[in-house]
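Novice: I'm passing along start_13.cif; it holds mmCIF, C-alpha atoms (C1' of nucleotides).
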data_my_file
loop_
_atom_site.label_atom_id
_atom_site.label_comp_id
_atom_site.auth_asym_id
_atom_site.auth_seq_id
_atom_site.Cartn_x
_atom_site.Cartn_y
_atom_site.Cartn_z
CA MET Q 23 118.31 111.52 89.19
CA ASN Q 24 116.16 108.54 90.14
CA HIS Q 25 117.89 105.28 89.33
CA GLY Q 26 115.09 102.76 88.82
CA PRO Q 27 115.60 99.05 88.30
CA ASP Q 28 115.99 99.55 84.53
CA GLN Q 29 118.87 101.98 84.88
CA THR Q 30 120.68 99.69 87.29
CA ARG Q 31 120.20 96.63 85.10
CA ILE Q 32 121.40 98.45 82.00
CA GLN Q 33 124.35 99.98 83.79
CA ASP Q 34 125.42 96.50 84.84
CA LEU Q 35 124.98 95.29 81.28
CA LEU Q 36 127.34 97.97 79.97
CA GLU Q 37 129.95 97.64 82.68
CA LYS Q 38 130.00 93.87 82.31
CA GLN Q 39 131.33 94.57 78.79
CA GLY Q 40 133.89 97.06 80.03
CA ILE Q 41 131.85 99.97 78.70
CA GLN Q 42 131.90 103.15 80.75
CA ALA Q 43 128.25 103.94 81.51
CA THR Q 44 128.07 107.58 80.52
CA THR Q 45 124.87 109.61 80.37
CA GLN Q 46 124.59 109.36 76.60
CA ARG Q 47 125.33 105.66 76.45
CA MET Q 48 122.72 105.00 79.11
CA LEU Q 49 120.10 106.95 77.17
CA ILE Q 50 120.81 105.01 74.01
CA ALA Q 51 120.91 101.68 75.81
CA GLU Q 52 117.65 102.34 77.66
CA LEU Q 53 115.95 103.11 74.37
CA LEU Q 54 117.39 100.09 72.57
CA PHE Q 55 116.86 97.54 75.32
CA ALA Q 56 113.35 98.60 76.31
CA ARG Q 57 112.22 95.78 74.01
CA ASP Q 58 113.35 93.70 71.04
CA GLN Q 59 113.47 96.08 68.11
CA HIS Q 60 115.33 97.26 65.02
CA LEU Q 61 116.29 100.92 64.98
CA THR Q 62 118.20 103.18 62.63
CA ALA Q 63 120.70 105.69 63.97
CA GLU Q 64 118.39 108.43 62.78
CA GLN Q 65 115.43 107.00 64.70
CA ILE Q 66 117.51 106.97 67.86
CA ILE Q 67 118.69 110.54 67.37
CA GLN Q 68 115.15 111.71 66.73
CA THR Q 69 113.48 109.79 69.54
CA LEU Q 70 115.97 111.11 72.07
CA ALA Q 71 115.52 114.63 70.73
CA GLU Q 72 111.75 114.34 71.15
CA ARG Q 73 112.29 113.31 74.75
CA GLY Q 74 114.44 116.36 75.30
CA THR Q 75 117.56 114.29 75.88
CA ASP Q 76 119.50 115.14 72.73
CA VAL Q 77 122.57 113.11 71.86
CA SER Q 78 124.80 114.14 68.99
CA LYS Q 79 124.96 112.22 65.75
CA ALA Q 80 128.64 111.37 66.24
CA THR Q 81 128.00 109.95 69.70
CA VAL Q 82 125.03 107.89 68.54
CA TYR Q 83 127.11 106.31 65.77
CA ASN Q 84 130.11 105.83 68.06
CA THR Q 85 127.91 104.20 70.66
CA LEU Q 86 126.10 101.90 68.24
CA ASN Q 87 129.40 100.74 66.78
CA LEU Q 88 130.78 100.20 70.27
CA PHE Q 89 127.71 98.22 71.35
CA ALA Q 90 127.97 96.14 68.17
CA ALA Q 91 131.66 95.41 68.79
CA LYS Q 92 130.83 94.32 72.34
CA GLY Q 93 128.03 92.06 71.20
CA LEU Q 94 125.16 94.08 72.67
CA VAL Q 95 123.42 94.82 69.38
CA LYS Q 96 123.54 93.25 65.94
CA PRO Q 97 123.95 95.46 62.86
CA LEU Q 98 121.64 94.45 60.03
CA GLN Q 99 122.10 95.12 56.32
CA VAL Q 100 118.56 94.55 55.12
CA ASP Q 101 117.22 97.87 54.01
CA PRO Q 102 119.32 99.25 51.13
CA GLU Q 103 118.76 102.79 52.34
CA ARG Q 104 120.30 102.63 55.79
CA GLY Q 105 121.68 100.38 58.50
CA LEU Q 106 119.62 98.90 61.31
CA PHE Q 107 120.62 97.83 64.79
CA ASP Q 108 118.81 94.88 66.34
CA SER Q 109 118.51 94.81 70.14
CA ASN Q 110 117.54 91.12 70.08
CA MET Q 111 120.77 89.13 70.24
CA ARG Q 112 119.10 85.72 70.47
CA PRO Q 113 119.46 83.80 67.19
CA HIS Q 114 116.52 84.65 64.97
CA TYR Q 115 115.55 85.50 61.43
CA HIS Q 116 113.56 88.20 59.66
CA PHE Q 117 110.80 88.98 57.24
CA HIS Q 118 111.36 92.12 55.20
CA VAL Q 119 108.25 93.74 53.72
CA GLU Q 120 109.56 95.41 50.59
CA ASP Q 121 106.67 97.84 50.10
CA THR Q 122 106.98 99.40 53.55
CA GLY Q 123 110.54 98.63 54.62
CA GLU Q 124 109.09 96.99 57.72
CA LEU Q 125 111.20 94.31 59.40
CA ILE Q 126 109.45 91.53 61.35
CA ASP Q 127 111.00 88.78 63.46
CA VAL Q 128 110.39 85.19 62.47
CA PRO Q 129 108.96 83.46 65.56
CA PRO Q 130 111.56 81.20 67.17
CA GLY Q 131 111.32 77.61 65.99
CA ASP Q 132 109.37 78.54 62.87
CA LEU Q 133 112.42 78.15 60.65
CA GLU Q 134 114.81 75.21 60.64
CA PHE Q 135 117.49 73.96 58.33
CA ALA Q 136 117.57 70.42 56.99
CA ARG Q 137 121.15 70.84 55.83
CA LEU Q 138 123.88 73.47 56.06
CA PRO Q 139 126.84 73.50 53.69
CA PRO Q 140 130.45 72.79 54.65
CA LEU Q 141 132.23 76.07 55.32
CA PRO Q 142 134.95 77.37 53.00
CA PRO Q 143 138.33 75.90 54.11
CA GLY Q 144 140.05 77.84 56.86
CA THR Q 145 136.93 79.65 58.00
CA GLU Q 146 134.64 79.38 60.98
CA SER Q 147 130.99 80.34 61.20
CA VAL Q 148 129.98 83.62 62.81
CA ALA Q 149 126.24 83.70 62.09
CA VAL Q 150 123.60 82.59 59.65
CA ASP Q 151 121.35 85.41 58.49
CA VAL Q 152 118.03 84.68 56.83
CA VAL Q 153 115.81 87.35 55.33
CA ILE Q 154 112.50 86.29 53.84
CA ARG Q 155 111.58 89.07 51.46
CA VAL Q 156 107.83 89.49 51.06
CA ARG Q 157 105.50 91.99 49.48
CA LYS Q 158 101.88 92.94 50.03
CA GLN Q 159 99.65 90.55 48.14
CA THR Q 160 98.39 91.83 44.78
CA SER Q 161 94.55 91.86 45.09
CA MET Z 22 132.75 96.11 15.03
CA ASN Z 23 132.91 92.32 15.15
CA HIS Z 24 129.74 90.88 16.62
CA GLY Z 25 130.77 87.52 18.06
CA PRO Z 26 128.37 84.97 19.46
CA ASP Z 27 128.54 86.60 22.91
CA GLN Z 28 127.40 89.98 21.67
CA THR Z 29 124.50 88.46 19.78
CA ARG Z 30 123.38 86.35 22.73
CA ILE Z 31 123.54 89.30 25.13
CA GLN Z 32 121.78 91.61 22.71
CA ASP Z 33 118.93 89.09 22.52
CA LEU Z 34 118.87 88.88 26.30
CA LEU Z 35 118.41 92.62 26.63
CA GLU Z 36 115.89 93.00 23.85
CA LYS Z 37 113.83 90.11 25.20
CA GLN Z 38 113.29 92.34 28.25
CA GLY Z 39 112.42 95.37 26.15
CA ILE Z 40 115.78 96.97 26.88
CA GLN Z 41 117.33 98.99 24.08
CA ALA Z 42 120.77 97.45 23.49
CA THR Z 43 122.95 100.55 23.50
CA THR Z 44 126.74 100.50 23.42
CA GLN Z 45 127.09 101.20 27.13
CA ARG Z 46 124.47 98.67 28.20
CA MET Z 47 126.14 96.03 26.04
CA LEU Z 48 129.52 96.72 27.65
CA ILE Z 49 128.07 96.41 31.14
CA ALA Z 50 126.07 93.29 30.26
CA GLU Z 51 129.05 91.59 28.63
CA LEU Z 52 131.10 92.19 31.75
CA LEU Z 53 128.37 91.04 34.14
CA PHE Z 54 127.27 87.97 32.21
CA ALA Z 55 130.72 86.66 31.32
CA ARG Z 56 130.29 84.44 34.37
CA ASP Z 57 128.40 84.17 37.66
CA GLN Z 58 129.79 86.95 39.85
CA HIS Z 59 129.05 89.73 42.31
CA LEU Z 60 130.21 93.19 41.28
CA THR Z 61 129.98 96.65 42.77
CA ALA Z 62 129.14 99.64 40.60
CA GLU Z 63 132.65 100.91 41.24
CA GLN Z 64 134.23 97.66 40.04
CA ILE Z 65 132.27 97.89 36.82
CA ILE Z 66 133.24 101.52 36.27
CA GLN Z 67 136.89 100.74 36.92
CA THR Z 68 137.08 97.55 34.87
CA LEU Z 69 135.53 99.23 31.87
CA ALA Z 70 137.89 102.19 32.27
CA GLU Z 71 140.89 99.83 32.31
CA ARG Z 72 139.64 98.31 29.08
CA GLY Z 73 139.47 101.76 27.54
CA THR Z 74 135.68 101.58 27.21
CA ASP Z 75 134.70 104.17 29.83
CA VAL Z 76 131.09 104.41 30.90
CA SER Z 77 129.94 107.23 33.16
CA LYS Z 78 128.98 106.64 36.76
CA ALA Z 79 125.40 107.80 36.15
CA THR Z 80 124.96 105.38 33.27
CA VAL Z 81 126.40 102.46 35.22
CA TYR Z 82 123.98 103.06 38.08
CA ASN Z 83 121.05 103.66 35.73
CA THR Z 84 121.86 100.47 33.87
CA LEU Z 85 122.30 98.32 36.97
CA ASN Z 86 118.99 99.55 38.35
CA LEU Z 87 117.33 98.90 35.01
CA PHE Z 88 118.76 95.39 34.80
CA ALA Z 89 117.62 94.72 38.35
CA ALA Z 90 114.09 95.94 37.61
CA LYS Z 91 113.97 93.65 34.57
CA GLY Z 92 115.20 90.66 36.52
CA LEU Z 93 118.60 90.33 34.87
CA VAL Z 94 120.66 90.90 38.00
CA LYS Z 95 119.94 90.65 41.70
CA PRO Z 96 120.97 93.49 44.02
CA LEU Z 97 122.56 92.22 47.24
CA GLN Z 98 122.80 94.02 50.60
CA VAL Z 99 125.52 91.95 52.20
CA ASP Z 100 128.54 94.16 52.53
CA PRO Z 101 127.79 97.16 54.75
CA GLU Z 102 130.06 99.37 52.67
CA ARG Z 103 128.40 99.12 49.28
CA GLY Z 104 125.81 97.39 47.15
CA LEU Z 105 126.58 94.34 45.02
CA PHE Z 106 124.93 93.05 41.87
CA ASP Z 107 124.76 89.32 41.33
CA SER Z 108 124.74 88.07 37.75
CA ASN Z 109 123.58 84.62 38.87
CA MET Z 110 119.78 84.70 38.94
CA ARG Z 111 119.34 81.03 39.79
CA PRO Z 112 118.21 80.56 43.41
CA HIS Z 113 121.29 80.29 45.59
CA TYR Z 114 122.83 81.43 48.85
CA HIS Z 115 126.08 83.03 50.00
CA PHE Z 116 129.02 82.83 52.33
CA HIS Z 117 130.37 86.22 53.39
CA VAL Z 118 133.97 86.27 54.62
CA GLU Z 119 134.00 89.17 57.06
CA ASP Z 120 137.76 89.74 57.09
CA THR Z 121 138.07 90.17 53.34
CA GLY Z 122 134.57 91.16 52.25
CA GLU Z 123 134.69 88.21 49.85
CA LEU Z 124 131.35 86.72 48.77
CA ILE Z 125 131.19 83.04 47.82
CA ASP Z 126 128.26 81.08 46.42
CA VAL Z 127 126.93 78.15 48.40
CA PRO Z 128 126.97 75.14 46.03
CA PRO Z 129 123.43 74.28 44.89
CA GLY Z 130 121.82 71.60 47.03
CA ASP Z 131 124.20 72.18 49.93
CA LEU Z 132 121.60 74.10 51.93
CA GLU Z 133 118.03 73.03 52.54
CA PHE Z 134 115.27 74.09 54.88
CA ALA Z 135 113.44 71.65 57.12
CA ARG Z 136 110.75 74.21 57.83
CA LEU Z 137 109.82 77.71 56.67
CA PRO Z 138 107.54 79.98 58.69
CA PRO Z 139 104.03 81.06 57.67
CA LEU Z 140 104.22 84.45 55.99
CA PRO Z 141 102.80 87.57 57.64
CA PRO Z 142 99.09 87.89 56.73
CA GLY Z 143 98.44 89.59 53.41
CA THR Z 144 101.95 89.07 52.06
CA GLU Z 145 103.49 86.81 49.47
CA SER Z 146 107.06 85.59 49.28
CA VAL Z 147 109.52 87.24 46.93
CA ALA Z 148 112.77 85.53 47.88
CA VAL Z 149 114.62 83.89 50.73
CA ASP Z 150 118.12 85.27 51.24
CA VAL Z 151 120.65 83.37 53.30
CA VAL Z 152 124.07 84.73 54.19
CA ILE Z 153 126.41 82.52 56.19
CA ARG Z 154 128.87 84.92 57.78
CA VAL Z 155 132.27 83.38 58.37
CA ARG Z 156 135.70 84.59 59.39
CA LYS Z 157 139.22 83.30 58.89
CA GLN Z 158 140.00 80.72 61.53
CA THR Z 159 141.96 82.00 64.57
CA SER Z 160 145.31 80.16 64.99
"C1'" DT V 24 145.19 115.62 86.57
"C1'" DT V 25 144.87 112.29 83.39
"C1'" DC V 26 142.24 109.75 80.33
"C1'" DC V 27 138.07 109.03 77.94
"C1'" DT V 28 133.84 110.80 75.88
"C1'" DT V 29 131.15 114.19 73.59
"C1'" DG V 30 129.73 117.42 70.06
"C1'" DC V 31 130.28 120.19 66.10
"C1'" DA V 32 131.47 120.80 61.58
"C1'" DA V 33 133.58 119.05 57.85
"C1'" DA V 34 134.93 115.08 55.19
"C1'" DA V 35 134.27 110.77 52.90
"C1'" DC V 36 131.42 107.66 50.45
"C1'" DT V 37 127.83 105.76 47.78
"C1'" DT V 38 123.95 106.60 44.99
"C1'" DT V 39 120.68 109.82 42.67
"C1'" DT V 40 119.25 113.77 39.94
"C1'" DG V 41 118.94 117.87 36.64
"C1'" DC V 42 119.92 119.13 32.43
"C1'" DA V 43 122.44 119.85 28.18
"C1'" DT V 44 124.46 116.84 24.59
"C1'" DT V 45 124.48 112.79 21.84
"C1'" DA V 46 122.92 108.58 19.93
"C1'" DA V 47 119.26 105.50 18.45
"C1'" DA V 48 114.82 104.44 16.19
"C1'" DT A 29 113.03 114.20 13.41
"C1'" DT A 30 111.49 112.53 17.51
"C1'" DT A 31 112.36 109.91 21.47
"C1'" DA A 32 115.46 107.82 24.57
"C1'" DA A 33 120.13 107.32 26.62
"C1'" DT A 34 124.43 109.34 28.14
"C1'" DG A 35 127.61 112.18 30.80
"C1'" DC A 36 128.90 115.75 33.77
"C1'" DA A 37 128.61 118.09 37.83
"C1'" DA A 38 126.07 118.90 41.65
"C1'" DA A 39 122.96 117.18 45.18
"C1'" DA A 40 121.33 114.08 48.60
"C1'" DG A 41 121.85 110.78 52.22
"C1'" DT A 42 124.38 108.02 55.49
"C1'" DT A 43 128.37 107.24 58.23
"C1'" DT A 44 133.05 108.65 59.76
"C1'" DT A 45 136.65 111.73 61.40
"C1'" DG A 46 139.48 115.64 63.45
"C1'" DC A 47 139.77 118.29 67.05
"C1'" DA A 48 138.49 121.40 70.83
"C1'" DA A 49 135.78 121.32 74.99
"C1'" DG A 50 133.70 118.81 78.74
"C1'" DG A 51 133.06 114.96 82.04
"C1'" DA A 52 134.54 110.84 84.55
"C1'" DA A 53 137.91 108.28 87.34
#
Will you turn the file into structure tokens for me?

Specialist:
Amino acid sequence: MNHGPDQTRIQDLLEKQGIQATTQRMLIAELLFARDQHLTAEQIIQTLAERGTDVSKATVYNTLNLFAAKGLVKPLQVDPERGLFDSNMRPHYHFHVEDTGELIDVPPGDLEFARLPPLPPGTESVAVDVVIRVRKQTS
Amino acid sequence: MNHGPDQTRIQDLLEKQGIQATTQRMLIAELLFARDQHLTAEQIIQTLAERGTDVSKATVYNTLNLFAAKGLVKPLQVDPERGLFDSNMRPHYHFHVEDTGELIDVPPGDLEFARLPPLPPGTESVAVDVVIRVRKQTS
DNA sequence: TTCCTTGCAAAACTTTTGCATTAAA
DNA sequence: TTTAATGCAAAAGTTTTGCAAGGAA
């Protein structure tokens, strides 16, 4: 097996989080981190199958949950039908096109808050999620 | 059956949207619109059962989807486990307490944008959803 | 060898659907 | 009496789990 620069970089990424870099985890990570994107578990299963590198459903879910717990991907609850995993961990926001289900990143700096509310007592902030829901313009 | 002021007001609300005010729809609407709140389908089914006014699962889901289509409630995708229906249709945002799953309204005026991004070409805005994810403070 | 990961099938959930029954206009 | 809503059970879809087999340290 030829270990190109991508494989090495991704292997380091996993091991830096204490994640054992198994074959299946590498395949999933290579797919996810090829670029900033939002993927469903099903899309990952299917894409890997098309490449002839099948990974089982259970392992894909296990791996995505592990990556999420280690801060490598961010689970998104945007589409009511299914969960998405975002490979872009930099703070950013989303457009959701209701007609198509498409999810688009808001360009960095294009959204800013003038004021954020005080947090409920005894809590600390984890993240601020913004989804701008849009639809295709009517005529 | 004693039709108090609540029943009459809610019946008007439904009929104003062209919704036939059946017994089951009235029960669900009375529960939802008693106050601003976020309820799961299961909570509605269970609460009505405890009151001795059972409504079937299918009817609860049908009714919630109908109310949502008519703009009486807003479906929320915040909790990964299940969908929520918000009886507060005024524009507002949410805190989500990750440890407990609790959803809290952000007081009106406590959150403002300094800048919103241009929308993707050919789309129009439907809504802007903000969820501030928080967790119970450590130590 | 010992521990961890994988894969399969089945389970667990939430939400939807088909269709016969019942209620509303 | 005609149309629309309800309820049940089953189906559909996503995600999780139990456990035996396989792979990594």

Novice: Counting all atoms listed in the file, which residues of chain V come no farther than 9 Å from chain Q, as a PyMOL selection string?

Specialist: chain V and resi 27-31

Novice: For the structure shown, which residues end up in the PyMOL selection byres ((chain Q) within 9 of (chain Z))? Put them as a ChimeraX atom specification, please?

Specialist: /Q:98-102,105,117,119-120,126,128-129,131-160

Novice: Mind fitting chain Q to chain Z by least squares on all Cα atoms in order and giving back the moved coordinates as a PDB file with C-alpha atoms, keeping the file's coordinate frame?

Specialist:
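Result file is out.pdb:
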ATOM      1  CA  MET Q  23     132.579  96.117  15.042  1.00  0.00           C
ATOM      2  CA  ASN Q  24     132.724  92.325  15.127  1.00  0.00           C
ATOM      3  CA  HIS Q  25     129.578  90.860  16.619  1.00  0.00           C
ATOM      4  CA  GLY Q  26     130.618  87.491  18.040  1.00  0.00           C
ATOM      5  CA  PRO Q  27     128.236  84.935  19.486  1.00  0.00           C
ATOM      6  CA  ASP Q  28     128.438  86.578  22.932  1.00  0.00           C
ATOM      7  CA  GLN Q  29     127.294  89.962  21.682  1.00  0.00           C
ATOM      8  CA  THR Q  30     124.376  88.431  19.818  1.00  0.00           C
ATOM      9  CA  ARG Q  31     123.292  86.327  22.783  1.00  0.00           C
ATOM     10  CA  ILE Q  32     123.473  89.274  25.158  1.00  0.00           C
ATOM     11  CA  GLN Q  33     121.687  91.579  22.762  1.00  0.00           C
ATOM     12  CA  ASP Q  34     118.848  89.075  22.589  1.00  0.00           C
ATOM     13  CA  LEU Q  35     118.817  88.849  26.368  1.00  0.00           C
ATOM     14  CA  LEU Q  36     118.360  92.612  26.690  1.00  0.00           C
ATOM     15  CA  GLU Q  37     115.798  92.994  23.941  1.00  0.00           C
ATOM     16  CA  LYS Q  38     113.761  90.104  25.302  1.00  0.00           C
ATOM     17  CA  GLN Q  39     113.262  92.339  28.368  1.00  0.00           C
ATOM     18  CA  GLY Q  40     112.357  95.356  26.278  1.00  0.00           C
ATOM     19  CA  ILE Q  41     115.726  96.964  26.960  1.00  0.00           C
ATOM     20  CA  GLN Q  42     117.246  98.974  24.137  1.00  0.00           C
ATOM     21  CA  ALA Q  43     120.687  97.453  23.530  1.00  0.00           C
ATOM     22  CA  THR Q  44     122.858 100.543  23.521  1.00  0.00           C
ATOM     23  CA  THR Q  45     126.649 100.504  23.413  1.00  0.00           C
ATOM     24  CA  GLN Q  46     127.013 101.190  27.121  1.00  0.00           C
ATOM     25  CA  ARG Q  47     124.418  98.663  28.189  1.00  0.00           C
ATOM     26  CA  MET Q  48     126.075  96.014  26.054  1.00  0.00           C
ATOM     27  CA  LEU Q  49     129.459  96.712  27.631  1.00  0.00           C
ATOM     28  CA  ILE Q  50     128.042  96.405  31.117  1.00  0.00           C
ATOM     29  CA  ALA Q  51     126.047  93.298  30.274  1.00  0.00           C
ATOM     30  CA  GLU Q  52     129.015  91.582  28.621  1.00  0.00           C
ATOM     31  CA  LEU Q  53     131.087  92.196  31.726  1.00  0.00           C
ATOM     32  CA  LEU Q  54     128.382  91.040  34.130  1.00  0.00           C
ATOM     33  CA  PHE Q  55     127.270  87.961  32.224  1.00  0.00           C
ATOM     34  CA  ALA Q  56     130.722  86.668  31.312  1.00  0.00           C
ATOM     35  CA  ARG Q  57     130.321  84.440  34.377  1.00  0.00           C
ATOM     36  CA  ASP Q  58     128.462  84.192  37.679  1.00  0.00           C
ATOM     37  CA  GLN Q  59     129.841  86.966  39.840  1.00  0.00           C
ATOM     38  CA  HIS Q  60     129.123  89.749  42.317  1.00  0.00           C
ATOM     39  CA  LEU Q  61     130.280  93.202  41.287  1.00  0.00           C
ATOM     40  CA  THR Q  62     130.048  96.674  42.760  1.00  0.00           C
ATOM     41  CA  ALA Q  63     129.197  99.647  40.574  1.00  0.00           C
ATOM     42  CA  GLU Q  64     132.692 100.936  41.192  1.00  0.00           C
ATOM     43  CA  GLN Q  65     134.282  97.688  40.005  1.00  0.00           C
ATOM     44  CA  ILE Q  66     132.296  97.904  36.792  1.00  0.00           C
ATOM     45  CA  ILE Q  67     133.251 101.525  36.197  1.00  0.00           C
ATOM     46  CA  GLN Q  68     136.901 100.752  36.821  1.00  0.00           C
ATOM     47  CA  THR Q  69     137.082  97.554  34.794  1.00  0.00           C
ATOM     48  CA  LEU Q  70     135.518  99.242  31.786  1.00  0.00           C
ATOM     49  CA  ALA Q  71     137.877 102.188  32.168  1.00  0.00           C
ATOM     50  CA  GLU Q  72     140.864  99.832  32.188  1.00  0.00           C
ATOM     51  CA  ARG Q  73     139.607  98.307  28.962  1.00  0.00           C
ATOM     52  CA  GLY Q  74     139.395 101.743  27.421  1.00  0.00           C
ATOM     53  CA  THR Q  75     135.620 101.589  27.134  1.00  0.00           C
ATOM     54  CA  ASP Q  76     134.663 104.168  29.750  1.00  0.00           C
ATOM     55  CA  VAL Q  77     131.052 104.417  30.847  1.00  0.00           C
ATOM     56  CA  SER Q  78     129.928 107.217  33.120  1.00  0.00           C
ATOM     57  CA  LYS Q  79     128.989 106.655  36.727  1.00  0.00           C
ATOM     58  CA  ALA Q  80     125.404 107.800  36.148  1.00  0.00           C
ATOM     59  CA  THR Q  81     124.940 105.373  33.269  1.00  0.00           C
ATOM     60  CA  VAL Q  82     126.415 102.460  35.205  1.00  0.00           C
ATOM     61  CA  TYR Q  83     124.011 103.064  38.095  1.00  0.00           C
ATOM     62  CA  ASN Q  84     121.071 103.649  35.753  1.00  0.00           C
ATOM     63  CA  THR Q  85     121.867 100.458  33.898  1.00  0.00           C
ATOM     64  CA  LEU Q  86     122.325  98.317  37.000  1.00  0.00           C
ATOM     65  CA  ASN Q  87     119.029  99.548  38.410  1.00  0.00           C
ATOM     66  CA  LEU Q  88     117.335  98.892  35.081  1.00  0.00           C
ATOM     67  CA  PHE Q  89     118.782  95.375  34.857  1.00  0.00           C
ATOM     68  CA  ALA Q  90     117.669  94.722  38.440  1.00  0.00           C
ATOM     69  CA  ALA Q  91     114.130  95.933  37.704  1.00  0.00           C
ATOM     70  CA  LYS Q  92     113.997  93.644  34.667  1.00  0.00           C
ATOM     71  CA  GLY Q  93     115.221  90.656  36.622  1.00  0.00           C
ATOM     72  CA  LEU Q  94     118.616  90.340  34.934  1.00  0.00           C
ATOM     73  CA  VAL Q  95     120.706  90.909  38.050  1.00  0.00           C
ATOM     74  CA  LYS Q  96     120.002  90.660  41.759  1.00  0.00           C
ATOM     75  CA  PRO Q  97     121.056  93.494  44.083  1.00  0.00           C
ATOM     76  CA  LEU Q  98     122.655  92.231  47.279  1.00  0.00           C
ATOM     77  CA  GLN Q  99     122.885  94.031  50.616  1.00  0.00           C
ATOM     78  CA  VAL Q 100     125.641  92.018  52.243  1.00  0.00           C
ATOM     79  CA  ASP Q 101     128.626  94.267  52.540  1.00  0.00           C
ATOM     80  CA  PRO Q 102     127.799  97.281  54.740  1.00  0.00           C
ATOM     81  CA  GLU Q 103     130.083  99.484  52.682  1.00  0.00           C
ATOM     82  CA  ARG Q 104     128.462  99.230  49.276  1.00  0.00           C
ATOM     83  CA  GLY Q 105     125.906  97.420  47.153  1.00  0.00           C
ATOM     84  CA  LEU Q 106     126.651  94.366  45.044  1.00  0.00           C
ATOM     85  CA  PHE Q 107     124.994  93.087  41.901  1.00  0.00           C
ATOM     86  CA  ASP Q 108     124.828  89.336  41.371  1.00  0.00           C
ATOM     87  CA  SER Q 109     124.778  88.077  37.773  1.00  0.00           C
ATOM     88  CA  ASN Q 110     123.621  84.622  38.908  1.00  0.00           C
ATOM     89  CA  MET Q 111     119.825  84.706  38.992  1.00  0.00           C
ATOM     90  CA  ARG Q 112     119.386  81.024  39.839  1.00  0.00           C
ATOM     91  CA  PRO Q 113     118.282  80.579  43.466  1.00  0.00           C
ATOM     92  CA  HIS Q 114     121.366  80.302  45.636  1.00  0.00           C
ATOM     93  CA  TYR Q 115     122.884  81.438  48.892  1.00  0.00           C
ATOM     94  CA  HIS Q 116     126.129  83.025  50.048  1.00  0.00           C
ATOM     95  CA  PHE Q 117     129.037  82.844  52.413  1.00  0.00           C
ATOM     96  CA  HIS Q 118     130.391  86.216  53.476  1.00  0.00           C
ATOM     97  CA  VAL Q 119     133.979  86.262  54.746  1.00  0.00           C
ATOM     98  CA  GLU Q 120     133.989  89.156  57.180  1.00  0.00           C
ATOM     99  CA  ASP Q 121     137.757  89.696  57.263  1.00  0.00           C
ATOM    100  CA  THR Q 122     138.093  90.163  53.508  1.00  0.00           C
ATOM    101  CA  GLY Q 123     134.611  91.149  52.363  1.00  0.00           C
ATOM    102  CA  GLU Q 124     134.736  88.213  49.962  1.00  0.00           C
ATOM    103  CA  LEU Q 125     131.407  86.730  48.876  1.00  0.00           C
ATOM    104  CA  ILE Q 126     131.254  83.037  47.911  1.00  0.00           C
ATOM    105  CA  ASP Q 127     128.329  81.082  46.482  1.00  0.00           C
ATOM    106  CA  VAL Q 128     126.987  78.155  48.450  1.00  0.00           C
ATOM    107  CA  PRO Q 129     127.048  75.160  46.081  1.00  0.00           C
ATOM    108  CA  PRO Q 130     123.537  74.294  44.905  1.00  0.00           C
ATOM    109  CA  GLY Q 131     121.896  71.617  47.020  1.00  0.00           C
ATOM    110  CA  ASP Q 132     124.252  72.179  49.942  1.00  0.00           C
ATOM    111  CA  LEU Q 133     121.632  74.101  51.896  1.00  0.00           C
ATOM    112  CA  GLU Q 134     118.046  73.023  52.475  1.00  0.00           C
ATOM    113  CA  PHE Q 135     115.282  74.084  54.781  1.00  0.00           C
ATOM    114  CA  ALA Q 136     113.410  71.661  57.007  1.00  0.00           C
ATOM    115  CA  ARG Q 137     110.704  74.223  57.680  1.00  0.00           C
ATOM    116  CA  LEU Q 138     109.801  77.719  56.504  1.00  0.00           C
ATOM    117  CA  PRO Q 139     107.491  79.971  58.499  1.00  0.00           C
ATOM    118  CA  PRO Q 140     104.007  81.062  57.438  1.00  0.00           C
ATOM    119  CA  LEU Q 141     104.221  84.452  55.753  1.00  0.00           C
ATOM    120  CA  PRO Q 142     102.790  87.579  57.381  1.00  0.00           C
ATOM    121  CA  PRO Q 143      99.082  87.898  56.401  1.00  0.00           C
ATOM    122  CA  GLY Q 144      98.483  89.612  53.087  1.00  0.00           C
ATOM    123  CA  THR Q 145     101.999  89.086  51.794  1.00  0.00           C
ATOM    124  CA  GLU Q 146     103.574  86.832  49.218  1.00  0.00           C
ATOM    125  CA  SER Q 147     107.144  85.596  49.083  1.00  0.00           C
ATOM    126  CA  VAL Q 148     109.640  87.241  46.752  1.00  0.00           C
ATOM    127  CA  ALA Q 149     112.879  85.511  47.764  1.00  0.00           C
ATOM    128  CA  VAL Q 150     114.675  83.886  50.643  1.00  0.00           C
ATOM    129  CA  ASP Q 151     118.160  85.263  51.205  1.00  0.00           C
ATOM    130  CA  VAL Q 152     120.678  83.365  53.297  1.00  0.00           C
ATOM    131  CA  VAL Q 153     124.081  84.732  54.223  1.00  0.00           C
ATOM    132  CA  ILE Q 154     126.401  82.529  56.239  1.00  0.00           C
ATOM    133  CA  ARG Q 155     128.831  84.918  57.860  1.00  0.00           C
ATOM    134  CA  VAL Q 156     132.239  83.366  58.475  1.00  0.00           C
ATOM    135  CA  ARG Q 157     135.649  84.560  59.533  1.00  0.00           C
ATOM    136  CA  LYS Q 158     139.166  83.241  59.082  1.00  0.00           C
ATOM    137  CA  GLN Q 159     139.892  80.659  61.739  1.00  0.00           C
ATOM    138  CA  THR Q 160     141.872  81.934  64.734  1.00  0.00           C
ATOM    139  CA  SER Q 161     145.097  79.828  64.780  1.00  0.00           C
TER     140      SER Q 161
END

Novice: Please build the interface table for chain A against chain Z with a cut-off of 12 Å, listing for each qualifying residue the nearest atom pair and the distance in Å to one decimal; count all atoms listed in the file, order rows by chain and increasing number, and write it as CSV.

Specialist:
residue,atom,partner,partner_atom,distance
A:DA32,C1',Z:Gln41,CA,9.0
A:DA33,C1',Z:Thr43,CA,8.0
A:DT34,C1',Z:Thr80,CA,6.5
A:DG35,C1',Z:Ser77,CA,6.0
A:DC36,C1',Z:Ser77,CA,8.6
A:DA37,C1',Z:Ala79,CA,10.9
A:DT42,C1',Z:Glu102,CA,10.7
A:DT43,C1',Z:Glu102,CA,9.8
